[in-house]
file start_26.cif (mmCIF, N, CA and C atoms)
data_structure
#
loop_
_atom_site.label_atom_id
_atom_site.label_comp_id
_atom_site.auth_asym_id
_atom_site.auth_seq_id
_atom_site.Cartn_x
_atom_site.Cartn_y
_atom_site.Cartn_z
N MET A 161 121.49 68.46 134.81
CA MET A 161 121.75 68.72 133.42
C MET A 161 121.75 67.39 132.68
N LEU A 162 121.21 67.42 131.47
CA LEU A 162 121.20 66.25 130.61
C LEU A 162 122.00 66.55 129.35
N TYR A 163 122.69 65.55 128.86
CA TYR A 163 123.38 65.65 127.57
C TYR A 163 122.63 64.73 126.64
N CYS A 164 122.09 65.27 125.57
CA CYS A 164 121.22 64.50 124.69
C CYS A 164 121.66 64.66 123.24
N GLY A 165 121.21 63.74 122.42
CA GLY A 165 121.40 63.84 120.98
C GLY A 165 120.05 63.87 120.31
N ALA A 166 120.01 64.39 119.10
CA ALA A 166 118.74 64.53 118.38
C ALA A 166 118.13 63.18 118.00
N THR A 167 118.96 62.15 117.86
CA THR A 167 118.47 60.82 117.50
C THR A 167 119.16 59.76 118.35
N ALA A 168 118.52 58.61 118.46
CA ALA A 168 119.13 57.51 119.21
C ALA A 168 120.43 57.07 118.56
N SER A 169 120.46 57.08 117.23
CA SER A 169 121.68 56.65 116.54
C SER A 169 122.83 57.62 116.79
N LEU A 170 122.55 58.92 116.88
CA LEU A 170 123.62 59.88 117.18
C LEU A 170 124.11 59.66 118.61
N CYS A 171 123.21 59.41 119.53
CA CYS A 171 123.62 59.14 120.91
C CYS A 171 124.54 57.93 120.98
N ALA A 172 124.18 56.86 120.26
CA ALA A 172 125.01 55.66 120.24
C ALA A 172 126.37 55.97 119.63
N LEU A 173 126.39 56.72 118.56
CA LEU A 173 127.65 57.08 117.91
C LEU A 173 128.52 57.92 118.83
N GLU A 174 127.92 58.84 119.55
CA GLU A 174 128.67 59.66 120.51
C GLU A 174 129.30 58.78 121.59
N LEU A 175 128.54 57.80 122.09
CA LEU A 175 129.09 56.87 123.08
C LEU A 175 130.23 56.04 122.50
N LEU A 176 130.03 55.52 121.29
CA LEU A 176 131.05 54.68 120.65
C LEU A 176 132.32 55.46 120.34
N ALA A 177 132.20 56.74 120.11
CA ALA A 177 133.38 57.56 119.81
C ALA A 177 134.32 57.65 121.00
N HIS A 178 133.78 57.40 122.19
CA HIS A 178 134.59 57.54 123.41
C HIS A 178 134.86 56.22 124.12
N SER A 179 134.37 55.12 123.54
CA SER A 179 134.64 53.81 124.13
C SER A 179 134.60 52.75 123.04
N ALA A 180 135.06 51.58 123.35
CA ALA A 180 135.16 50.52 122.35
C ALA A 180 133.81 49.87 122.05
N MET A 181 132.87 49.97 122.98
CA MET A 181 131.57 49.34 122.76
C MET A 181 130.50 50.05 123.60
N LEU A 182 129.25 49.84 123.23
CA LEU A 182 128.15 50.40 124.02
C LEU A 182 128.03 49.64 125.33
N PRO A 183 127.82 50.33 126.43
CA PRO A 183 127.60 49.62 127.69
C PRO A 183 126.39 48.70 127.57
N THR A 184 126.43 47.56 128.22
CA THR A 184 125.34 46.60 128.12
C THR A 184 124.07 47.10 128.79
N ASP A 185 124.18 48.07 129.67
CA ASP A 185 123.00 48.60 130.36
C ASP A 185 122.48 49.89 129.73
N THR A 186 122.84 50.15 128.49
CA THR A 186 122.39 51.35 127.80
C THR A 186 120.89 51.30 127.55
N ILE A 187 120.22 52.40 127.85
CA ILE A 187 118.81 52.52 127.53
C ILE A 187 118.61 53.82 126.75
N VAL A 188 117.56 53.86 125.98
CA VAL A 188 117.22 55.06 125.23
C VAL A 188 115.92 55.61 125.80
N VAL A 189 115.93 56.88 126.11
CA VAL A 189 114.75 57.56 126.62
C VAL A 189 114.44 58.70 125.66
N GLU A 190 113.24 58.72 125.15
CA GLU A 190 112.85 59.79 124.23
C GLU A 190 112.34 60.97 125.04
N ALA A 191 112.81 62.14 124.69
CA ALA A 191 112.35 63.38 125.32
C ALA A 191 112.02 64.37 124.22
N ARG A 192 110.97 65.08 124.40
CA ARG A 192 110.59 66.11 123.43
C ARG A 192 110.71 67.46 124.11
N VAL A 193 111.34 68.39 123.41
CA VAL A 193 111.50 69.74 123.93
C VAL A 193 110.30 70.56 123.45
N PRO A 194 109.50 71.07 124.38
CA PRO A 194 108.36 71.88 123.97
C PRO A 194 108.81 73.09 123.14
N LYS A 195 108.04 73.42 122.14
CA LYS A 195 108.40 74.52 121.24
C LYS A 195 108.51 75.86 121.97
N ASN A 196 107.80 76.01 123.08
CA ASN A 196 107.84 77.29 123.79
C ASN A 196 108.96 77.36 124.83
N LEU A 197 109.78 76.32 124.93
CA LEU A 197 110.90 76.30 125.87
C LEU A 197 112.05 77.11 125.29
N SER A 198 112.66 77.94 126.09
CA SER A 198 113.75 78.79 125.59
C SER A 198 114.96 77.95 125.20
N MET A 199 115.54 78.27 124.03
CA MET A 199 116.67 77.51 123.51
C MET A 199 117.69 78.46 122.88
N GLN A 200 118.95 78.21 123.18
CA GLN A 200 120.04 78.92 122.52
C GLN A 200 120.65 77.94 121.51
N THR A 201 120.85 78.40 120.29
CA THR A 201 121.42 77.55 119.25
C THR A 201 122.81 78.04 118.89
N VAL A 202 123.77 77.14 118.94
CA VAL A 202 125.14 77.44 118.54
C VAL A 202 125.36 76.80 117.17
N GLU A 203 125.80 77.60 116.23
CA GLU A 203 126.12 77.09 114.90
C GLU A 203 127.61 76.76 114.85
N GLU A 204 128.00 75.93 113.90
CA GLU A 204 129.41 75.58 113.77
C GLU A 204 130.26 76.84 113.60
N SER A 205 129.73 77.83 112.88
CA SER A 205 130.46 79.09 112.65
C SER A 205 130.63 79.91 113.93
N ASP A 206 129.81 79.61 114.97
CA ASP A 206 129.92 80.31 116.26
C ASP A 206 131.02 79.73 117.14
N LEU A 207 131.49 78.53 116.80
CA LEU A 207 132.51 77.87 117.62
C LEU A 207 133.88 78.48 117.36
N PRO A 208 134.76 78.44 118.36
CA PRO A 208 136.12 78.93 118.16
C PRO A 208 136.83 78.08 117.11
N PRO A 209 137.93 78.59 116.54
CA PRO A 209 138.69 77.77 115.59
C PRO A 209 139.00 76.40 116.20
N ASN A 210 138.85 75.36 115.40
CA ASN A 210 139.01 73.97 115.86
C ASN A 210 137.99 73.60 116.93
N GLY A 211 136.89 74.35 117.01
CA GLY A 211 135.86 74.08 118.01
C GLY A 211 135.12 72.78 117.75
N SER A 212 135.23 72.28 116.53
CA SER A 212 134.57 71.01 116.22
C SER A 212 135.55 69.84 116.29
N SER A 213 136.71 70.08 116.87
CA SER A 213 137.69 69.01 117.05
C SER A 213 137.18 68.03 118.11
N PRO A 214 137.44 66.72 117.93
CA PRO A 214 137.02 65.74 118.94
C PRO A 214 137.59 66.00 120.33
N ILE A 215 138.71 66.71 120.39
CA ILE A 215 139.29 67.08 121.68
C ILE A 215 138.83 68.50 121.99
N ALA A 216 137.99 68.62 123.00
CA ALA A 216 137.39 69.92 123.31
C ALA A 216 138.44 70.94 123.70
N SER A 217 138.34 72.12 123.12
CA SER A 217 139.24 73.21 123.49
C SER A 217 138.70 73.89 124.74
N ARG A 218 139.55 74.62 125.40
CA ARG A 218 139.12 75.36 126.60
C ARG A 218 138.02 76.36 126.23
N LYS A 219 138.14 77.00 125.06
CA LYS A 219 137.14 77.98 124.65
C LYS A 219 135.78 77.32 124.42
N THR A 220 135.79 76.12 123.85
CA THR A 220 134.53 75.40 123.64
C THR A 220 133.93 75.00 124.98
N GLN A 221 134.75 74.51 125.89
CA GLN A 221 134.27 74.15 127.22
C GLN A 221 133.70 75.38 127.93
N ASP A 222 134.39 76.51 127.79
CA ASP A 222 133.94 77.75 128.42
C ASP A 222 132.59 78.19 127.87
N LEU A 223 132.35 77.95 126.58
CA LEU A 223 131.08 78.30 125.97
C LEU A 223 129.94 77.59 126.70
N GLY A 224 130.11 76.29 126.95
CA GLY A 224 129.09 75.53 127.67
C GLY A 224 128.98 75.95 129.13
N THR A 225 130.12 76.15 129.77
CA THR A 225 130.12 76.57 131.18
C THR A 225 129.44 77.92 131.35
N ASP A 226 129.76 78.85 130.46
CA ASP A 226 129.14 80.18 130.53
C ASP A 226 127.63 80.10 130.32
N TRP A 227 127.21 79.21 129.40
CA TRP A 227 125.77 79.04 129.17
C TRP A 227 125.08 78.53 130.43
N VAL A 228 125.67 77.51 131.07
CA VAL A 228 125.08 76.95 132.29
C VAL A 228 124.99 78.03 133.36
N LYS A 229 126.06 78.75 133.57
CA LYS A 229 126.09 79.77 134.63
C LYS A 229 125.11 80.90 134.36
N SER A 230 124.86 81.22 133.09
CA SER A 230 123.97 82.33 132.76
C SER A 230 122.51 82.00 133.08
N GLY A 231 122.15 80.74 132.95
CA GLY A 231 120.76 80.36 133.17
C GLY A 231 119.80 81.03 132.19
N ALA A 232 120.32 81.51 131.08
CA ALA A 232 119.53 82.29 130.12
C ALA A 232 118.47 81.46 129.40
N THR A 233 118.79 80.20 129.09
CA THR A 233 117.83 79.36 128.38
C THR A 233 117.83 77.97 129.01
N ALA A 234 116.76 77.23 128.72
CA ALA A 234 116.64 75.87 129.25
C ALA A 234 117.43 74.86 128.43
N VAL A 235 117.67 75.18 127.17
CA VAL A 235 118.31 74.24 126.24
C VAL A 235 119.42 74.94 125.48
N LEU A 236 120.53 74.23 125.30
CA LEU A 236 121.61 74.68 124.43
C LEU A 236 121.76 73.64 123.33
N SER A 237 121.54 74.05 122.10
CA SER A 237 121.64 73.15 120.95
C SER A 237 122.96 73.43 120.24
N VAL A 238 123.78 72.38 120.13
CA VAL A 238 125.10 72.53 119.52
C VAL A 238 125.31 71.48 118.44
N PRO A 239 126.18 71.77 117.46
CA PRO A 239 126.46 70.76 116.44
C PRO A 239 127.24 69.60 117.05
N SER A 240 126.94 68.40 116.59
CA SER A 240 127.71 67.23 116.99
C SER A 240 129.12 67.34 116.41
N VAL A 241 130.11 67.01 117.20
CA VAL A 241 131.49 67.01 116.68
C VAL A 241 131.66 65.90 115.67
N ILE A 242 130.98 64.79 115.89
CA ILE A 242 131.13 63.62 115.03
C ILE A 242 130.41 63.81 113.70
N ILE A 243 129.18 64.34 113.76
CA ILE A 243 128.40 64.62 112.56
C ILE A 243 127.86 66.05 112.70
N PRO A 244 128.64 67.05 112.25
CA PRO A 244 128.27 68.45 112.49
C PRO A 244 126.90 68.87 111.97
N SER A 245 126.35 68.14 111.02
CA SER A 245 125.02 68.49 110.52
C SER A 245 123.92 68.03 111.46
N GLU A 246 124.26 67.28 112.50
CA GLU A 246 123.30 66.83 113.51
C GLU A 246 123.54 67.58 114.82
N ARG A 247 122.57 67.54 115.72
CA ARG A 247 122.60 68.38 116.92
C ARG A 247 122.62 67.56 118.21
N ASN A 248 123.30 68.10 119.19
CA ASN A 248 123.26 67.61 120.56
C ASN A 248 122.64 68.71 121.41
#
call {"tool": "encode", "arguments": {"input": "start_26.cif", "output": "structure tokens"}}
result
Amino acid sequence: MLYCGATASLCALELLAHSAMLPTDTIVVEARVPKNLSMQTVEESDLPPNGSSPIASRKTQDLGTDWVKSGATAVLSVPSVIIPSERN
């Protein structure tokens, strides 16, 4: 499984939100998701109350766990907690 952000700057911001600085060995790898690849999209309104809180709730964690276990799609697109208008 990979955890990705829509932009390199969002990825850096996500890392900085959880540590004081970017690791010195950070690299950026660009990946493109083919349009025909199955994707499930979660909107902010689909998240449980406080689902966009920086501290993940059990319900939010379960949403991701259930998606992985289902194997229904290759990609899960979710709003960034830090910048909800952007996607991870």
call {"tool": "resolve_selection", "arguments": {"input": "start_26.cif", "expression": "the PyMOL selection byres (((chain A and resi 181-190 and name CA) around 12) and name CA)", "output": "short mmCIF file (atom, residue, chain, number, x, y, z; two decimals) with N, CA and C atoms, in the frame of the given file"}}
result
data_model
loop_
_atom_site.label_atom_id
_atom_site.label_comp_id
_atom_site.auth_asym_id
_atom_site.auth_seq_id
_atom_site.Cartn_x
_atom_site.Cartn_y
_atom_site.Cartn_z
N LEU A 162 121.21 67.42 131.47
CA LEU A 162 121.20 66.25 130.61
C LEU A 162 122.00 66.55 129.35
N TYR A 163 122.69 65.55 128.86
CA TYR A 163 123.38 65.65 127.57
C TYR A 163 122.63 64.73 126.64
N CYS A 164 122.09 65.27 125.57
CA CYS A 164 121.22 64.50 124.69
C CYS A 164 121.66 64.66 123.24
N GLY A 165 121.21 63.74 122.42
CA GLY A 165 121.40 63.84 120.98
C GLY A 165 120.05 63.87 120.31
N ALA A 166 120.01 64.39 119.10
CA ALA A 166 118.74 64.53 118.38
C ALA A 166 118.13 63.18 118.00
N THR A 167 118.96 62.15 117.86
CA THR A 167 118.47 60.82 117.50
C THR A 167 119.16 59.76 118.35
N ALA A 168 118.52 58.61 118.46
CA ALA A 168 119.13 57.51 119.21
C ALA A 168 120.43 57.07 118.56
N SER A 169 120.46 57.08 117.23
CA SER A 169 121.68 56.65 116.54
C SER A 169 122.83 57.62 116.79
N LEU A 170 122.55 58.92 116.88
CA LEU A 170 123.62 59.88 117.18
C LEU A 170 124.11 59.66 118.61
N CYS A 171 123.21 59.41 119.53
CA CYS A 171 123.62 59.14 120.91
C CYS A 171 124.54 57.93 120.98
N ALA A 172 124.18 56.86 120.26
CA ALA A 172 125.01 55.66 120.24
C ALA A 172 126.37 55.97 119.63
N LEU A 173 126.39 56.72 118.56
CA LEU A 173 127.65 57.08 117.91
C LEU A 173 128.52 57.92 118.83
N GLU A 174 127.92 58.84 119.55
CA GLU A 174 128.67 59.66 120.51
C GLU A 174 129.30 58.78 121.59
N LEU A 175 128.54 57.80 122.09
CA LEU A 175 129.09 56.87 123.08
C LEU A 175 130.23 56.04 122.50
N LEU A 176 130.03 55.52 121.29
CA LEU A 176 131.05 54.68 120.65
C LEU A 176 132.32 55.46 120.34
N ALA A 177 132.20 56.74 120.11
CA ALA A 177 133.38 57.56 119.81
C ALA A 177 134.32 57.65 121.00
N HIS A 178 133.78 57.40 122.19
CA HIS A 178 134.59 57.54 123.41
C HIS A 178 134.86 56.22 124.12
N SER A 179 134.37 55.12 123.54
CA SER A 179 134.64 53.81 124.13
C SER A 179 134.60 52.75 123.04
N ALA A 180 135.06 51.58 123.35
CA ALA A 180 135.16 50.52 122.35
C ALA A 180 133.81 49.87 122.05
N ALA A 191 112.81 62.14 124.69
CA ALA A 191 112.35 63.38 125.32
C ALA A 191 112.02 64.37 124.22
N ARG A 192 110.97 65.08 124.40
CA ARG A 192 110.59 66.11 123.43
C ARG A 192 110.71 67.46 124.11
N VAL A 193 111.34 68.39 123.41
CA VAL A 193 111.50 69.74 123.93
C VAL A 193 110.30 70.56 123.45
#
call {"tool": "atom_distance", "arguments": {"input": "start_26.cif", "atom1": "atom C of A:Val238", "atom2": "atom C of A:Glu203"}}
result
6.8 Å
call {"tool": "atom_distance", "arguments": {"input": "start_26.cif", "atom1": "atom N of A:Ala234", "atom2": "atom C of A:Arg247"}}
result
15.4 Å
call {"tool": "select_by_dssp", "arguments": {"input": "start_26.cif", "residues": "chain A", "states": "strand (DSSP E)", "output": "list in words"}}
result
Met199, Gln200, Thr201, Val235, Leu236 and Ser237 of chain A
call {"tool": "resolve_selection", "arguments": {"input": "start_26.cif", "expression": "the PyMOL selection byres (((chain A and resi 198 and name CA) around 8) and name CA)", "output": "list in words"}}
result
Asn196, Leu197, Met199, Gln200, Thr233, Ala234 and Val235 of chain A
call {"tool": "select_by_dssp", "arguments": {"input": "start_26.cif", "residues": "stretch 170-221 of chain A", "states": "helix (DSSP H, G or I)", "output": "number ranges by chain"}}
result
A: 170-178, 204-206, 218-221
call {"tool": "atom_distance", "arguments": {"input": "start_26.cif", "atom1": "atom CA of A:Ser217", "atom2": "atom N of A:Pro194"}}
result
29.8 Å
call {"tool": "residues_around", "arguments": {"input": "start_26.cif", "residues": "A:Val202", "least_positions_apart": "2", "cutoff": "6 Å", "atoms": "only N, CA and C atoms", "output": "list in words"}}
result
Gln200, Glu204, Asp206, Leu236, Ser237, Val238 and Pro239 of chain A
call {"tool": "closest_residue", "arguments": {"input": "start_26.cif", "among": "A:Lys195, A:Thr201, A:Pro209, A:Pro244", "to": "A:Trp227", "atoms": "only C-alpha atoms"}}
result
A:Thr201
